[in-house]
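Structure file protein.csv with CSV, C-alpha atoms and all ligand atoms:
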chain,number,residue,atom,x,y,z
A,1,MET,CA,-41.2,187.4,20.5
A,2,ASN,CA,-41.6,184.1,18.7
A,3,ALA,CA,-38.5,184.9,16.8
A,4,CYS,CA,-36.2,184.2,19.8
A,5,PRO,CA,-33.9,181.2,19.2
A,6,LYS,CA,-34.7,178.4,21.7
A,7,HIS,CA,-31.0,178.1,22.7
A,8,ILE,CA,-31.0,181.6,24.2
A,9,GLY,CA,-32.9,180.2,27.2
A,10,GLU,CA,-30.3,177.5,27.6
A,11,TYR,CA,-27.5,180.1,27.4
A,12,MET,CA,-29.1,182.1,30.2
A,13,HIS,CA,-28.8,179.0,32.5
A,14,GLU,CA,-25.3,178.3,31.3
A,15,TYR,CA,-24.5,181.9,32.2
A,16,LEU,CA,-26.1,181.6,35.7
A,17,ASP,CA,-24.2,178.3,36.3
A,18,GLY,CA,-21.0,180.2,35.5
A,19,ASP,CA,-20.0,177.7,32.8
A,20,ILE,CA,-20.9,179.6,29.6
A,21,SER,CA,-18.4,179.6,26.7
A,22,ARG,CA,-17.1,182.8,25.3
A,23,GLU,CA,-19.1,182.5,22.0
A,24,HIS,CA,-22.4,181.7,23.8
A,25,GLU,CA,-21.9,184.7,26.1
A,26,ILE,CA,-21.3,187.1,23.2
A,27,GLU,CA,-24.4,185.7,21.4
A,28,LEU,CA,-26.5,185.9,24.6
A,29,LYS,CA,-25.5,189.5,25.4
A,30,ALA,CA,-26.1,190.6,21.8
A,31,HIS,CA,-29.6,189.0,21.9
A,32,LEU,CA,-30.5,190.5,25.3
A,33,GLN,CA,-29.7,194.0,24.1
A,34,SER,CA,-32.1,193.6,21.2
A,35,CYS,CA,-34.9,191.6,22.9
A,36,ASP,CA,-37.1,193.1,25.7
A,37,ASN,CA,-38.7,189.7,26.4
A,38,CYS,CA,-35.5,187.8,26.9
A,39,ARG,CA,-34.0,190.7,28.9
A,40,GLN,CA,-36.9,190.6,31.3
A,41,HIS,CA,-36.7,186.8,31.5
A,42,MET,CA,-33.0,187.1,32.5
A,43,GLN,CA,-33.8,189.8,35.0
A,44,GLU,CA,-36.5,187.6,36.6
A,45,LEU,CA,-34.1,184.7,36.9
A,46,ASN,CA,-31.6,187.0,38.6
A,47,SER,CA,-34.2,188.3,41.0
A,48,THR,CA,-35.4,184.7,41.7
A,49,ILE,CA,-31.8,183.7,42.7
A,50,ALA,CA,-31.4,186.8,44.8
A,51,PHE,CA,-34.7,186.1,46.5
A,52,VAL,CA,-33.7,182.5,47.5
A,53,LYS,CA,-30.3,183.6,48.6
A,54,SER,CA,-31.8,186.1,51.0
A,55,ALA,CA,-33.1,183.3,53.1
A,56,ALA,CA,-32.0,183.9,56.7
A,57,VAL,CA,-29.9,181.4,58.6
A,58,VAL,CA,-32.0,179.3,60.8
A,59,SER,CA,-30.0,178.5,63.9
A,60,VAL,CA,-29.8,174.9,65.1
A,61,PRO,CA,-31.5,174.3,68.5
A,62,LEU,CA,-29.1,174.6,71.5
A,63,ASP,CA,-29.7,171.1,72.7
A,64,PHE,CA,-29.3,169.5,69.3
A,65,LYS,CA,-25.8,168.0,69.8
A,66,GLN,CA,-26.8,166.6,73.2
A,67,ASN,CA,-29.9,165.0,71.8
A,68,VAL,CA,-27.8,163.4,69.0
A,69,MET,CA,-25.4,161.9,71.6
A,70,ILE,CA,-28.4,160.5,73.5
A,71,ARG,CA,-29.8,158.9,70.4
A,72,LEU,CA,-26.6,157.1,69.5
A,73,PRO,CA,-26.6,153.4,70.1
A,74,LYS,CA,-25.3,152.7,73.6
A,75,GLY,CA,-21.6,151.8,73.8
A,76,ARG,CA,-19.3,150.5,71.1
A,77,SER,CA,-20.0,146.8,71.8
A,78,GLY,CA,-23.8,147.5,71.5
A,79,ALA,CA,-23.3,149.2,68.2
A,80,GLY,CA,-21.1,146.4,67.0
A,81,VAL,CA,-23.7,143.8,67.8
A,82,GLN,CA,-26.4,145.8,66.0
A,83,ARG,CA,-24.2,146.3,63.0
A,84,TRP,CA,-23.1,142.8,62.9
A,85,LEU,CA,-26.8,141.6,63.1
A,86,ARG,CA,-27.7,143.8,60.2
A,87,ARG,CA,-24.9,142.7,58.0
A,88,HIS,CA,-25.1,139.1,58.7
A,89,PRO,CA,-28.8,138.1,58.8
A,90,ILE,CA,-27.8,134.4,58.2
A,91,PHE,CA,-26.0,134.4,61.5
A,92,VAL,CA,-29.1,135.8,63.2
A,93,ALA,CA,-31.0,132.9,61.9
A,94,ALA,CA,-28.3,130.5,63.0
A,95,ALA,CA,-28.3,132.2,66.4
A,96,MET,CA,-32.0,131.7,66.7
A,97,PHE,CA,-31.5,128.1,65.8
A,98,CYS,CA,-29.0,127.8,68.6
A,99,ILE,CA,-31.4,129.3,71.1
A,100,LEU,CA,-34.0,126.7,70.1
A,101,MET,CA,-31.7,123.7,69.9
A,102,SER,CA,-29.1,124.3,72.5
A,103,ALA,CA,-30.6,125.2,75.8
A,104,SER,CA,-27.2,124.8,77.4
A,105,LEU,CA,-26.0,128.0,75.9
A,106,LEU,CA,-28.7,130.0,77.6
A,107,THR,CA,-28.6,128.2,80.8
A,108,GLY,CA,-25.4,130.0,81.4
A,109,PHE,CA,-27.3,133.2,81.2
A,110,ASN,CA,-30.6,132.4,82.9
A,111,ASP,CA,-29.9,129.9,85.6
A,112,ASN,CA,-26.8,131.3,87.2
A,113,LYS,CA,-27.9,134.4,89.1
A,114,GLU,CA,-25.1,134.2,91.6
A,115,PHE,CA,-22.3,136.6,91.7
A,116,SER,CA,-18.9,135.6,90.5
A,117,VAL,CA,-15.6,137.1,89.4
A,118,THR,CA,-12.3,136.0,87.9
A,119,LYS,CA,-9.7,135.5,90.6
A,120,GLN,CA,-7.0,138.1,90.1
A,121,PRO,CA,-4.6,139.5,92.7
A,122,ASN,CA,-5.3,143.0,93.9
A,123,LEU,CA,-9.1,142.7,93.4
A,124,VAL,CA,-11.3,143.6,96.3
A,125,VAL,CA,-14.9,142.3,96.6
A,126,GLU,CA,-17.5,144.3,98.5
A,127,GLY,CA,-21.0,142.6,98.4
A,128,GLN,CA,-21.7,142.3,94.7
A,129,THR,CA,-19.2,144.9,93.6
A,130,VAL,CA,-15.7,144.2,92.5
A,131,ILE,CA,-13.2,147.0,93.1
A,132,VAL,CA,-9.8,147.6,91.6
A,133,PRO,CA,-8.4,149.8,94.4
A,134,GLU,CA,-6.7,153.1,93.7
A,135,GLY,CA,-3.1,152.8,93.0
A,136,LYS,CA,-3.3,149.1,92.3
A,137,THR,CA,-2.9,147.4,88.9
A,138,VAL,CA,-4.6,144.2,87.9
A,139,THR,CA,-2.8,142.3,85.2
A,140,GLY,CA,-5.0,140.0,83.1
A,141,ASP,CA,-8.6,139.9,82.0
A,142,ILE,CA,-11.5,140.3,84.5
A,143,VAL,CA,-15.0,138.8,84.0
A,144,VAL,CA,-17.7,139.8,86.5
A,145,LYS,CA,-21.0,137.9,86.5
A,146,ASN,CA,-24.1,139.3,88.2
A,147,GLY,CA,-22.3,142.1,89.9
A,148,ASP,CA,-20.7,145.4,89.2
A,149,ILE,CA,-17.1,146.5,88.8
A,150,LEU,CA,-15.6,149.7,90.0
A,151,VAL,CA,-12.2,150.6,88.6
A,152,LYS,CA,-10.3,153.2,90.6
A,153,GLY,CA,-6.8,151.9,89.8
A,154,SER,CA,-5.8,150.4,86.5
A,155,VAL,CA,-6.3,147.2,84.6
A,156,ASP,CA,-3.9,145.8,82.1
A,157,GLY,CA,-6.4,143.6,80.2
A,158,ASN,CA,-10.0,143.2,79.1
A,159,ILE,CA,-13.0,143.7,81.4
A,160,THR,CA,-16.3,141.8,80.8
A,161,VAL,CA,-19.4,142.5,82.9
A,162,ILE,CA,-22.3,140.1,82.6
A,163,ASN,CA,-25.6,141.3,84.1
A,164,GLY,CA,-23.9,144.2,85.8
A,165,GLN,CA,-22.4,147.6,85.4
A,166,TYR,CA,-18.9,148.9,84.7
A,167,MET,CA,-18.0,152.0,86.7
A,168,ALA,CA,-14.9,154.0,86.6
A,169,SER,CA,-13.5,157.3,87.9
A,170,THR,CA,-10.2,158.0,86.3
A,171,ALA,CA,-9.8,154.5,85.2
A,172,ASN,CA,-7.0,153.2,83.1
A,173,VAL,CA,-7.9,150.1,81.2
A,174,THR,CA,-5.7,148.9,78.4
A,175,GLY,CA,-8.1,146.3,76.9
A,176,GLN,CA,-11.7,146.2,75.8
A,177,ILE,CA,-14.7,146.8,78.1
A,178,ASP,CA,-17.8,144.8,77.4
A,179,GLU,CA,-21.1,144.9,79.3
A,180,ILE,CA,-23.4,142.0,78.6
A,181,ASN,CA,-26.9,142.5,79.9
A,182,GLN,CA,-29.1,140.8,77.4
A,183,ALA,CA,-29.6,137.2,76.5
A,184,PHE,CA,-28.8,137.9,72.9
A,185,GLU,CA,-25.6,139.7,73.7
A,186,TRP,CA,-24.6,136.9,76.0
A,187,LEU,CA,-25.1,134.5,73.1
A,188,TRP,CA,-23.1,136.8,70.8
A,189,TYR,CA,-20.3,137.0,73.3
A,190,LYS,CA,-20.2,133.2,73.4
A,191,ILE,CA,-20.1,132.9,69.7
A,192,LYS,CA,-17.4,135.6,69.5
A,193,ASN,CA,-15.2,133.9,72.0
A,194,GLY,CA,-15.9,130.4,71.0
A,195,GLY,CA,-17.5,129.9,74.4
A,196,LYS,CA,-14.1,128.7,75.8
A,197,GLU,CA,-13.3,131.5,78.1
A,198,ILE,CA,-16.7,131.7,79.7
A,199,LEU,CA,-17.2,128.0,80.0
A,200,SER,CA,-13.9,127.5,81.7
A,201,PHE,CA,-14.6,130.5,83.9
A,202,LEU,CA,-18.0,129.1,84.9
A,203,GLY,CA,-16.5,125.7,85.5
A,204,LYS,CA,-14.0,127.2,87.9
A,205,ASN,CA,-16.6,129.0,89.9
A,206,GLU,CA,-19.4,126.4,90.1
B,207,MET,CA,-10.4,170.4,58.5
B,208,ASP,CA,-10.4,167.1,56.8
B,209,ALA,CA,-7.4,165.9,58.8
B,210,LEU,CA,-9.2,166.8,62.1
B,211,ILE,CA,-12.4,165.1,61.0
B,212,ASN,CA,-10.5,162.0,59.9
B,213,LYS,CA,-8.7,161.9,63.3
B,214,ARG,CA,-12.1,162.1,65.1
B,215,ILE,CA,-13.6,159.4,62.9
B,216,LYS,CA,-10.7,157.1,63.7
B,217,GLN,CA,-11.2,157.8,67.4
B,218,VAL,CA,-14.9,157.0,67.2
B,219,LEU,CA,-14.2,153.8,65.3
B,220,LYS,CA,-11.8,152.8,68.1
B,221,GLY,CA,-14.7,153.0,70.5
B,222,ASP,CA,-14.4,156.6,71.8
B,223,GLN,CA,-18.0,157.7,71.4
B,224,SER,CA,-17.4,161.2,72.8
B,225,ALA,CA,-15.2,162.1,69.9
B,226,TYR,CA,-18.4,162.0,67.8
B,227,SER,CA,-19.6,165.1,69.6
B,228,ASP,CA,-16.9,167.2,67.9
B,229,ILE,CA,-18.1,165.9,64.5
B,230,VAL,CA,-21.7,166.9,65.4
B,231,SER,CA,-20.5,170.3,66.5
B,232,LEU,CA,-18.9,171.0,63.2
B,233,TYR,CA,-21.7,170.0,60.9
B,234,GLN,CA,-24.9,170.4,62.9
B,235,GLN,CA,-25.7,173.9,61.6
B,236,LYS,CA,-25.3,172.9,58.0
B,237,LEU,CA,-27.3,169.8,58.3
B,238,TYR,CA,-30.1,171.4,60.3
B,239,GLN,CA,-30.3,174.2,57.8
B,240,VAL,CA,-30.7,171.8,54.8
B,241,CYS,CA,-33.3,169.8,56.6
B,242,TYR,CA,-35.2,172.9,57.6
B,243,ARG,CA,-35.3,174.2,54.1
B,244,MET,CA,-36.3,170.8,52.7
B,245,LEU,CA,-39.0,170.1,55.2
B,246,GLY,CA,-40.1,173.7,56.2
B,247,ASN,CA,-40.7,172.7,59.8
B,248,ARG,CA,-38.3,173.1,62.7
B,249,HIS,CA,-39.6,170.1,64.6
B,250,GLU,CA,-39.2,167.7,61.7
B,251,ALA,CA,-35.9,169.3,60.6
B,252,GLU,CA,-34.5,168.6,64.1
B,253,ASP,CA,-35.7,165.0,64.1
B,254,ILE,CA,-34.4,164.3,60.6
B,255,ALA,CA,-31.0,166.0,61.1
B,256,GLN,CA,-30.5,164.1,64.3
B,257,GLU,CA,-31.4,160.9,62.6
B,258,ALA,CA,-28.9,161.7,59.9
B,259,PHE,CA,-26.1,162.0,62.5
B,260,VAL,CA,-27.2,158.7,64.1
B,261,ARG,CA,-27.2,156.9,60.8
B,262,ALA,CA,-23.8,158.3,60.0
B,263,TYR,CA,-22.5,157.1,63.4
B,264,ILE,CA,-23.9,153.6,62.9
B,265,ASN,CA,-22.4,153.4,59.4
B,266,LEU,CA,-19.2,155.2,60.1
B,267,HIS,CA,-17.1,152.1,59.3
B,268,THR,CA,-18.3,152.3,55.7
B,269,PHE,CA,-17.1,155.9,55.2
B,270,ASP,CA,-14.1,156.2,52.9
B,271,LEU,CA,-11.6,158.4,54.6
B,272,ASN,CA,-10.3,159.7,51.3
B,273,ARG,CA,-13.6,161.3,50.5
B,274,LYS,CA,-15.2,164.5,51.9
B,275,PHE,CA,-17.1,163.8,55.1
B,276,SER,CA,-19.6,166.6,54.6
B,277,THR,CA,-20.6,165.2,51.2
B,278,TRP,CA,-21.4,161.9,52.8
B,279,LEU,CA,-23.4,163.5,55.6
B,280,TYR,CA,-25.4,165.7,53.2
B,281,ARG,CA,-26.2,162.6,51.3
B,282,ILE,CA,-27.6,160.8,54.3
B,283,ALA,CA,-29.6,163.9,55.3
B,284,THR,CA,-31.1,164.7,51.9
B,285,ASN,CA,-32.1,161.0,51.4
B,286,LEU,CA,-33.9,161.1,54.8
B,287,CYS,CA,-35.6,164.4,53.9
B,288,ILE,CA,-36.8,163.1,50.5
B,289,ASP,CA,-38.1,159.9,52.2
B,290,ARG,CA,-39.9,162.0,54.7
B,291,ILE,CA,-41.5,164.3,52.1
B,292,ARG,CA,-42.7,161.3,50.0
B,293,LYS,CA,-44.1,159.6,53.0
B,294,LYS,CA,-46.2,162.6,54.0
B,295,LYS,CA,-49.9,161.9,53.9
B,296,PRO,CA,-52.5,164.6,54.1
B,297,ASP,CA,-53.6,163.5,57.6
B,298,TYR,CA,-50.1,164.0,58.8
B,299,TYR,CA,-50.3,167.7,58.3
B,300,LEU,CA,-53.0,168.1,61.0
B,301,ASP,CA,-50.6,166.6,63.6
B,302,ALA,CA,-47.7,168.7,62.4
B,303,GLN,CA,-49.7,171.9,62.9
B,304,VAL,CA,-50.0,171.1,66.6
B,305,ALA,CA,-46.3,170.3,66.9
B,306,GLY,CA,-45.2,173.4,65.0
B,307,THR,CA,-43.4,176.1,66.8
B,308,ASP,CA,-44.1,179.1,64.7
B,309,GLY,CA,-45.9,180.5,61.7
B,310,LEU,CA,-43.4,179.3,59.1
B,311,ASP,CA,-44.4,175.7,59.9
B,312,MET,CA,-47.8,175.8,58.5
B,313,TYR,CA,-46.6,176.2,54.9
B,314,SER,CA,-44.9,172.9,54.9
B,315,GLN,CA,-48.2,171.3,55.5
B,316,ILE,CA,-49.7,172.3,52.2
B,317,SER,CA,-48.8,170.0,49.4
B,318,SER,CA,-47.1,171.8,46.5
B,319,SER,CA,-50.1,171.3,44.2
B,320,ASP,CA,-52.4,173.7,46.0
B,321,ARG,CA,-51.2,177.2,46.4
B,322,LEU,CA,-52.6,179.6,48.9
B,323,PRO,CA,-54.8,182.5,47.6
B,324,GLU,CA,-52.6,185.2,46.0
B,325,GLU,CA,-53.6,187.9,48.5
B,326,GLU,CA,-52.5,185.7,51.4
B,327,VAL,CA,-49.1,185.0,49.7
B,328,GLU,CA,-48.6,188.7,49.2
B,329,ARG,CA,-49.2,189.5,52.9
B,330,MET,CA,-46.3,187.2,53.9
B,331,GLU,CA,-43.1,188.6,55.4
B,332,LEU,CA,-40.0,188.0,53.2
B,333,GLN,CA,-38.6,185.0,55.2
B,334,GLU,CA,-42.0,183.4,55.4
B,335,ARG,CA,-42.5,183.9,51.7
B,336,ILE,CA,-39.0,182.4,50.8
B,337,GLN,CA,-39.8,179.2,52.8
B,338,TYR,CA,-43.3,179.0,51.3
B,339,GLU,CA,-42.0,179.3,47.7
B,340,ILE,CA,-39.2,176.7,48.3
B,341,SER,CA,-41.8,174.3,49.8
B,342,GLN,CA,-43.9,174.7,46.6
B,343,LEU,CA,-41.2,173.2,44.5
B,344,PRO,CA,-41.4,169.5,43.6
B,345,ASP,CA,-38.8,167.7,45.8
B,346,LYS,CA,-36.4,166.9,43.0
B,347,TYR,CA,-36.0,170.6,42.2
B,348,ARG,CA,-36.2,171.7,45.9
B,349,THR,CA,-33.2,169.6,46.8
B,350,VAL,CA,-30.8,171.0,44.2
B,351,ILE,CA,-32.0,174.6,44.7
B,352,VAL,CA,-31.4,174.3,48.5
B,353,LEU,CA,-28.0,172.8,48.0
B,354,LYS,CA,-27.0,175.3,45.4
B,355,TYR,CA,-28.5,178.6,46.7
B,356,ILE,CA,-28.9,178.0,50.5
B,357,GLU,CA,-25.8,175.9,51.1
B,358,GLU,CA,-23.9,177.4,48.2
B,359,LEU,CA,-22.3,174.2,47.2
B,360,PRO,CA,-20.5,173.7,43.9
B,361,LEU,CA,-22.4,171.7,41.2
B,362,GLN,CA,-19.8,169.0,41.3
B,363,GLU,CA,-20.4,168.4,45.0
B,364,ILE,CA,-24.2,168.4,44.6
B,365,SER,CA,-23.7,165.7,41.9
B,366,GLU,CA,-21.7,163.6,44.4
B,367,ILE,CA,-24.2,164.2,47.2
B,368,LEU,CA,-27.2,163.1,45.1
B,369,ASP,CA,-25.2,160.5,43.2
B,370,MET,CA,-26.4,161.9,40.0
B,371,PRO,CA,-24.5,162.9,36.8
B,372,LEU,CA,-23.5,166.6,36.6
B,373,GLY,CA,-25.7,167.0,33.6
B,374,THR,CA,-28.8,165.9,35.5
B,375,VAL,CA,-28.0,168.3,38.4
B,376,LYS,CA,-27.7,171.2,35.9
B,377,THR,CA,-31.0,170.3,34.2
B,378,ARG,CA,-32.8,170.2,37.6
B,379,ILE,CA,-31.3,173.5,38.7
B,380,HIS,CA,-32.4,175.1,35.4
B,381,ARG,CA,-35.9,173.7,35.8
B,382,GLY,CA,-36.0,174.6,39.5
B,383,ARG,CA,-35.0,178.2,38.7
B,384,GLU,CA,-37.7,178.4,36.0
B,385,ALA,CA,-40.3,176.9,38.3
B,386,LEU,CA,-39.4,179.4,41.0
B,387,ARG,CA,-39.5,182.3,38.5
B,388,LYS,CA,-43.0,181.3,37.5
B,389,GLN,CA,-44.1,181.0,41.1
B,390,LEU,CA,-42.8,184.4,41.9
B,391,GLY,CA,-44.4,186.0,38.8
B,392,ASN,CA,-43.5,189.7,38.6
B,393,LEU,CA,-41.6,190.0,41.9
A,401,ZN,ZN,-35.5,187.1,22.8
Hey, can you dump this file as structure tokens for me?
Amino acid sequence: MNACPKHIGEYMHEYLDGDISREHEIELKAHLQSCDNCRQHMQELNSTIAFVKSAAVVSVPLDFKQNVMIRLPKGRSGAGVQRWLRRHPIFVAAAMFCILMSASLLTGFNDNKEFSVTKQPNLVVEGQTVIVPEGKTVTGDIVVKNGDILVKGSVDGNITVINGQYMASTANVTGQIDEINQAFEWLWYKIKNGGKEILSFLGKNE
Amino acid sequence: MDALINKRIKQVLKGDQSAYSDIVSLYQQKLYQVCYRMLGNRHEAEDIAQEAFVRAYINLHTFDLNRKFSTWLYRIATNLCIDRIRKKKPDYYLDAQVAGTDGLDMYSQISSSDRLPEEEVERMELQERIQYEISQLPDKYRTVIVLKYIEELPLQEISEILDMPLGTVKTRIHRGREALRKQLGNL
């Protein structure tokens, strides 16, 4: 059995991978016919493959998809912030610097607990909830601070909710919807929008 | 299939998170299967396969729409499985035994260096034995054998999933087959 050429073993695997050349195949078959050891080796390899391939399908748990969806980062804006933070560590450092150096940025978040909303025609305010009534359309952006917004009609613009919740039934909103509930996101929002929109909005309502 | 997937991916990237559930539906069985065969434990397989979908979601913007989505997903999942296998410490197995849901799980808790007594191996049912033998393979052979013979993927795709030259994949499959053959003895 020591007489077997070493390359016969390699040809066996070439054969099993389905990429053996015509010449190698002829040589392999000729050798297997004359050599009991190699024939047995080849047989064992074939049984090994058949053995692994007889593994039964293990079914995915029924609640698998649901649990994946629960584990996804909340909302697109949230995912965007996380992604952005991961990809731009230098900006995180800069943002931390801002928090330390510029208290004015965060006062907008911490010190103003009172409810406010952008003035737009067709908006109804009930307590701390802003309502876009059914059948009505609001044209323009809406920013709600320390309150919730319930959209029953439609909005042709962006909605931003700071320290509150966005609720909708069969809402029709053409622009982006952002919920800002954490100091960091608040800061991010300010950086993203150059602070202009929010500062002017706060100025109007204070 | 690829057109549908790309459509869903674009929807997710535009902010429609619910479109992602269709993507999960299409690939959950495959991904769970690979993770289960790699890890040998239903509980861990579920955790890692879910983690793979979450990572894919977070990094979806980096996916090249001209490539095959399943290749990308398999890649994320196999990397997570290999990380998990390498991080396993002996004291972890004791916890896993409690969390396990059935008899198959216990074999994942034995590191590949120490084999069970032969009479115990011979008493195993076929399915138990298959998982046991796969779990005895070193992880670099286990990965290629699972992708080739459980998932039945072409060698070229395996090479893309593992980001490895085709020649290396072939060598590993050859060695994996030989290692399994030796483990099985005269089956
Ligand atoms: Zn021979």
Neighbour list for range 15-23 of chain A as a ChimeraX atom specification, cut-off 8 Å, all atoms listed in the file, skip fewer than 4 positions in-chain: /A:11,27 /B:376
Distance limit 6 Å, reference ligand ZN 401 (chain A), atoms considered: all atoms listed in the file. Which residues make the cut? Give them as a VMD selection string. chain A and resid 4 35 37 to 38
Go through chain B and flag each residue having an atom no more than 6 Å from chain A; for those, report the closest pair of atoms plus their distance in Å to one decimal, using all atoms listed in the file, ordered by chain and rising number, as JSON lines.
{"residue": "B:Gly221", "atom": "CA", "partner": "A:Arg76", "partner_atom": "CA", "distance": 5.3}
{"residue": "B:Gln235", "atom": "CA", "partner": "A:Val60", "partner_atom": "CA", "distance": 5.5}
{"residue": "B:Tyr238", "atom": "CA", "partner": "A:Val60", "partner_atom": "CA", "distance": 5.9}
{"residue": "B:Gln256", "atom": "CA", "partner": "A:Val68", "partner_atom": "CA", "distance": 5.5}
{"residue": "B:Val260", "atom": "CA", "partner": "A:Leu72", "partner_atom": "CA", "distance": 5.7}
{"residue": "B:Tyr355", "atom": "CA", "partner": "A:Lys53", "partner_atom": "CA", "distance": 5.6}
{"residue": "B:Arg387", "atom": "CA", "partner": "A:Thr48", "partner_atom": "CA", "distance": 5.7}
Within 7 Å of Ile288 in chain B, counting all atoms listed in the file, which residues show up once you throw out same-chain ones fewer than 4 positions away? Write them as a PDB file with C-alpha atoms, keeping the file's coordinate frame, please.
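This went into selection-v4.pdb:
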ATOM      1  CA  THR B 284     -31.100 164.700  51.900  1.00  0.00           C
ATOM      2  CA  ARG B 292     -42.700 161.300  50.000  1.00  0.00           C
ATOM      3  CA  ASP B 345     -38.800 167.700  45.800  1.00  0.00           C
TER       4      ASP B 345
END
Env of Glu366 in chain B: 10 Å cut, atoms = all atoms listed in the file, seq-sep filter 4 positions within chain, self excluded. Answer as a list in words.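 These residues fall inside the cut-off: Lys274, Thr277, Trp278, Tyr280, Arg281, Leu361, Gln362, Met370, Pro371, Leu372 and Val375 of chain B.
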Report the distance between CA of Asn272 in chain B and CA of Val218 in chain B in Å, rounded to one decimal place. 16.8 Å
Give me the residues near Tyr166 in chain A as JSON, numbers by chain, where near means some atom within 7 Å (using only C-alpha atoms) and where sequence neighbours in that chain fewer than 5 positions away do not count. {"A": [148, 149, 150, 161]}
Can you measure CA of Ser276 in chain B to CA of Lys213 in chain B for me? One decimal in Å is fine.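 Interatomic distance here is 14.7 Å.
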CA of Gly391 in chain B and CA of Glu328 in chain B, how far apart in Å? 11.5 Å
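Distances here use all atoms listed in the file; by that measure, the residue among A:Gly164, A:Gly140, A:Gly147, A:Gly153 closest to Lys119 in chain A is A:Gly140.
Distances to Leu386 in chain B were evaluated for B:Arg348, B:Arg248, B:Arg214, B:Lys220 using only C-alpha atoms, and the minimum falls at B:Arg348.
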Put a box with edges along x, y and z around all the listed atoms of range 365-381 of chain B, pad it by 4 Å on each side, then give me its centre and sizes in Å, one decimal, as lines of an AutoDock Vina configuration file.
center_x = -28.8
center_y = 167.8
center_z = 40.4
size_x = 22.2
size_y = 22.6
size_z = 21.6
Name all residues at most 9 Å from range 352-354 of chain B (count all atoms listed in the file; drop same-chain ones fewer than 2 positions away) and give them as a PDB file with C-alpha atoms, keeping the file's coordinate frame.
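Resulting contents of part-v8.pdb:
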ATOM      1  CA  VAL A  52     -33.700 182.500  47.500  1.00  0.00           C
TER       2      VAL A  52
ATOM      3  CA  VAL B 240     -30.700 171.800  54.800  1.00  0.00           C
ATOM      4  CA  ARG B 243     -35.300 174.200  54.100  1.00  0.00           C
ATOM      5  CA  MET B 244     -36.300 170.800  52.700  1.00  0.00           C
ATOM      6  CA  ILE B 340     -39.200 176.700  48.300  1.00  0.00           C
ATOM      7  CA  TYR B 347     -36.000 170.600  42.200  1.00  0.00           C
ATOM      8  CA  ARG B 348     -36.200 171.700  45.900  1.00  0.00           C
ATOM      9  CA  THR B 349     -33.200 169.600  46.800  1.00  0.00           C
ATOM     10  CA  VAL B 350     -30.800 171.000  44.200  1.00  0.00           C
ATOM     11  CA  ILE B 356     -28.900 178.000  50.500  1.00  0.00           C
ATOM     12  CA  GLU B 357     -25.800 175.900  51.100  1.00  0.00           C
ATOM     13  CA  GLU B 358     -23.900 177.400  48.200  1.00  0.00           C
ATOM     14  CA  LEU B 359     -22.300 174.200  47.200  1.00  0.00           C
ATOM     15  CA  PRO B 360     -20.500 173.700  43.900  1.00  0.00           C
ATOM     16  CA  LEU B 361     -22.400 171.700  41.200  1.00  0.00           C
ATOM     17  CA  ILE B 364     -24.200 168.400  44.600  1.00  0.00           C
ATOM     18  CA  ILE B 379     -31.300 173.500  38.700  1.00  0.00           C
TER      19      ILE B 379
END
